[in-house]
Amino acid sequence: MNADQNQPWNSRAWRSELPPGRAAVTAFIDALRRRLRDFESRASLPQELEQAVRQVIAGDDLPARFTQAAASVGLQVHPASPVDWMSVIGDILRKHEAHSVVVQLDTDSPLGKRATDDLGNRLTADGFAPTTAVDDETLFSADAAVTSVAAAIAETGSVVCPSGPGLARGASLLPPVHVAIVHASELVPDLCDYFDGLSAAVGNSPLGPASSSSTSLPANINLITGPSKTADIEGILVTGVHGPRHVHVVLVSP
Amino acid sequence: MSSPTAFRQRVSEAVADERVVRAVHLATWHKVDACAESMRQLRDPEAIRELAAQIKQHTLENLPRYLEQFVAQVEQSGGQVHFAPDADAARRIICDIAAQHGAKLAVKAKSMTSEEVCLNDALEAAGVRTVETDLGEFIVQIDDDRPSHIVTPIIHKDRQQIAQAMARETGCEYTEDAEELTAVARRYLRGIFRRCDLGITGVNFGVAESGTLCVCTNEGNGRMSSTRPQVHVALMGIEKLVPRLRDLPVFLKLLARSSTGQPLTVYTTLITGPKRADDPDGPEELHVVLLDNGRSDLLAGEFAEVLRCIRCGACLNVCPVYRNLGGHAYGSVYPGPIGSLVTPLLQGLDEHAELPRASSLCGACQVVCPVKIDIPGLLVRLRARTRSSQPLLKRVAVRLWKWVMKLPTRYAWAQWWLPRLLRDCGDGWARGGPGPLGAWTHSRDLPIPPKQSFRQLWRKRLSDER
Amino acid sequence: MEVALFVTCLTDTFFPRVGEAVVRVLRHFGCRVEFPEGQTCCGQPAFNSGFHAEAAALARRMIPIFEPHEQVVTPSASCATMVKTHFPELLANEVRWREAAERLAEKTYEFTTFLRQRLDVDIAAHLSFDEPVTFHFPCHAREAYGPEDLHNWLAHSKQVDLCLPEHADLCCGFGGVFAVDYPEISGPMLADRLEDLAASGARLVICNEGGCTLSLAGGAHRRGLPLRFKHIAECLAESLGLMEPER
């Protein structure tokens, strides 16, 4: 039975009665609730999603799947070990003739707490100008940025860069070259796995007023799946529009 | 203001513009093929579409509680929420936010909702220079044009037009090379990004569970617009909600594949509140503006499912009507099959009554819609709703049709008359005729009906044979 | 098995040969075929245009005409959908008619569906073509069968040189009243489809929908394209030797 056959809902009627400011939000939701009171919802919320949605399972060769997916979206993947990852990065930066390099590694990354210092020293020794500064001047003029990731998704070839203490959003956005260091332990098989993880962080709060804190999520998370691109001009693919033109992944396996 | 005559005029102009028709053909066919290939890579695309449809339908049917949860979560993460009952209110709220912060330069990432409420004009009138930063929208803006597709706004423009507009606006050296043009736009807009004080984006999905805004983009301007300025305003239609974070993969796995043939857009940005105290960068304030503008009128009604739309543009790409018209003929921010539904439903049935009629109901849109909106079925229902505004001649003709079909004798009489109304040009075909026959023969001939109809054949020889 | 033929107004008027082919093929596979002479039109044009009261009137008219018969077969998938899906919708609120509409809906079949599901006929096994052939998939057949099905029946025929159109599934621009309402849009759509079909290299086009055939054949004739159109029923009848091939 269509509710609108009984009572014509005229949102214009109550629009003029809305209180100003924030109170309008609550007033609207209440009005909507009254409006739908007699409507019987027939569509239930599906609980089992994975069966249909999952593309990559945990047992798959994740580094291989990730490499394949990343390559297909234009990320350049470089295998590395805990011993040579810094020289791999050096090679990439050299290829781009980069000089000023923003280094932004999360202290919690599997590379270790000293990774930033180690990498900084190594880059300096190799003739680059590394910095951990993330002010505008630095970010807008840097040739490249090297960042850690919070996760990498094998299914889609995405690297996940969150904001946080010491983690500027602009690092993976402003310089024309972005080198993301992915440790094999940070690989998750499928997009489902990544979002299940986020859900767990939030605590799967029940419907109704918030009981858990969504501030457990970073304010900003980017799943980066390729270099910045557009095909707006006659369908011609061009990279490096506003974000990085070159995105490299250094995949560190033990 | 759209009226039937205005629509027909736009249609005539559109089909006559060979250059645009050719460009739209190329662009849409390319995307149809890419998207079909991309969808085939999914293990079970039909199952995912079914889930997406159900999740959206459930959310719409229970919208008050999800809205409540979403609002609470946004506020808990430090964001502010506003409600705009209509376009006027949305403009006012956003202009007020700009005024409160003394904003003089606003950047916009692509947002169909902001075009729906005509936001740019209002901001400019309030003294806020507003710059579109999506490359296609930027070109639309500097060329004083309108977008013709909800995902790729300038498929109707060729490189000469783009080159001229860019040279004129930025003062750069004239070039038609796509790489060079993009580099010019990058440099020009980077300067704007450095100085802007207000950023406006849309929202692809709002997650009720955590108050997270999910914004899917390719160029990086969406990230810039929500990161660089002090204030980020996110304008979101109330129907954009999904219940949980784990619902997002269902939609993310469909959106880009249906839209451009990519597995994901380059940037899937998840925004939960403004910057935290320890964040090196990010906006100090996040304002989420919930927009109704007619959407709530559709909830719990027979057209509610149009609100499932995730604005992927797949229906535009596959529609043979859109392919031959381009976007401008629809006279609305939302063209194509979904536009033929939401424009009359959100902006006035009578004004836009012709849009649902300009379709052959081929159903190609329904086949590709990631949230399984029954577009042809709803178009027929809209036609029924606007029946009284159909042209008089048509109403008379349909009644006449019914009258004839009610008696076999009348029917046989009509069958007898038909060949006599047509002028045989000598080869068994007619090239013209009165009324609707004239419209038919606009682009095709009509065969003169055979001397014996089937029922005559049946009586003469078929009924007795076994 | 007793079958009533619902020939459709278009087929009756413009393509009687298709009706004859359906009758002959059904008889060949053991059916007794009746033709209820009271039938006229299922009301689809009125329904699609939004004139639902008029469409309902024609539905109420048609239901008793076919009520006495065990099965109803029609060569038009779109008319079958009209009866199967939209008759019950139109009459859902009418106590007198709702069940009758559903009964008719249940026993009405599109021609190829009837062959496959009720007569267990392997369509491909009985088809053969002595010239290159292509096909137009009518949009509204989707509820009965898909473009892949049509493709398979033709591809697996006893003898065939199948030339694929570039786009299997592309609207011909007919859309019923649409062709007459918006000829300026319908025309270019028709042109696109004809170009696609002509480019296949074949001259014989299998098209199982009267409206599409009317539009495509008329458009081909206007442009001087050497395309001919046949319903699969005609092809079956000819391949089975039940009718003389028409050139």
# chains A, B, ... in the order shown; residues from 1 in each chain; ligands from 1

call {"tool": "residues_around", "arguments": {"residues": "B:Ile271", "least_positions_apart": "6", "cutoff": "12 Å", "atoms": "only C-alpha atoms", "output": "number ranges by chain"}}
result
A: 162-163, 169, 214-215, 217-223; B: 73-74, 77-79, 201-207, 210-216, 222-223, 226-227, 232-234, 282-283, 285-288

call {"tool": "residues_around", "arguments": {"residues": "stretch 217-220 of chain C", "least_positions_apart": "4", "cutoff": "8 Å", "atoms": "only C-alpha atoms", "output": "ChimeraX atom specification"}}
result
/B:443-447 /C:190-191,194,213,224-229

call {"tool": "residues_around", "arguments": {"residues": "stretch 90-96 of chain A", "least_positions_apart": "5", "cutoff": "12 Å", "atoms": "only C-alpha atoms", "output": "ChimeraX atom specification"}}
result
/A:76-78,80,84-85,101-102,119-130,142-146,175-180,245-250

call {"tool": "closest_atom_pairs", "arguments": {"of": "chain B", "to": "chain C", "cutoff": "7 Å", "atoms": "only C-alpha atoms", "output": "tab-separated table"}}
result
residue	atom	partner	partner_atom	distance
B:Ser12	CA	C:Glu184	CA	6.8
B:Pro320	CA	C:Met189	CA	6.4
B:Val321	CA	C:Ile185	CA	6.7
B:Asn324	CA	C:Pro188	CA	6.7
B:Ala358	CA	C:Tyr182	CA	6.6
B:Ser359	CA	C:Phe178	CA	6.5
B:Ser360	CA	C:Gly175	CA	3.8
B:Leu361	CA	C:Gly175	CA	6.2
B:Cys362	CA	C:Cys139	CA	5.1
B:Gly363	CA	C:Cys139	CA	6.8
B:Val380	CA	C:Asn48	CA	5.6
B:Arg381	CA	C:Gly50	CA	6.5
B:Arg383	CA	C:Gly50	CA	4.5
B:Ala384	CA	C:Gly50	CA	3.7
B:Arg387	CA	C:Gly50	CA	6.2
B:Val398	CA	C:Ala46	CA	6.3
B:Lys402	CA	C:Glu54	CA	6.3
B:Met405	CA	C:Thr40	CA	5.6
B:Lys406	CA	C:Leu58	CA	6.9
B:Pro408	CA	C:Gly38	CA	5.7
B:Tyr411	CA	C:Thr40	CA	6.7
B:Gln415	CA	C:Thr13	CA	6.7
B:Pro436	CA	C:Val180	CA	5.8
B:Ala439	CA	C:Val180	CA	5.1
B:Trp440	CA	C:Val180	CA	5.3
B:His442	CA	C:Pro183	CA	6.4
B:Ser443	CA	C:Gly187	CA	5.3
B:Arg444	CA	C:Gly219	CA	4.2
B:Asp445	CA	C:Gly218	CA	4.3
B:Leu446	CA	C:Gly218	CA	5.4
B:Pro447	CA	C:Gly218	CA	6.8
B:Pro449	CA	C:Phe14	CA	5.0
B:Pro450	CA	C:Phe14	CA	6.3
B:Ser453	CA	C:Thr13	CA	5.1
B:Phe454	CA	C:Pro16	CA	4.2
B:Arg455	CA	C:Asp12	CA	6.6
B:Arg466	CA	C:Arg27	CA	6.9

call {"tool": "residues_around", "arguments": {"residues": "A:Ala43", "least_positions_apart": "2", "cutoff": "7 Å", "atoms": "only C-alpha atoms", "output": "list in words"}}
result
Ser41 and Leu45 of chain A; Gln54, Gln57 and His58 of chain B

call {"tool": "select_by_dssp", "arguments": {"residues": "stretch 75-227 of chain C", "states": "strand (DSSP E or B)", "output": "PyMOL selection string"}}
result
chain C and resi 108-110+128+133-135+159+162+204-206
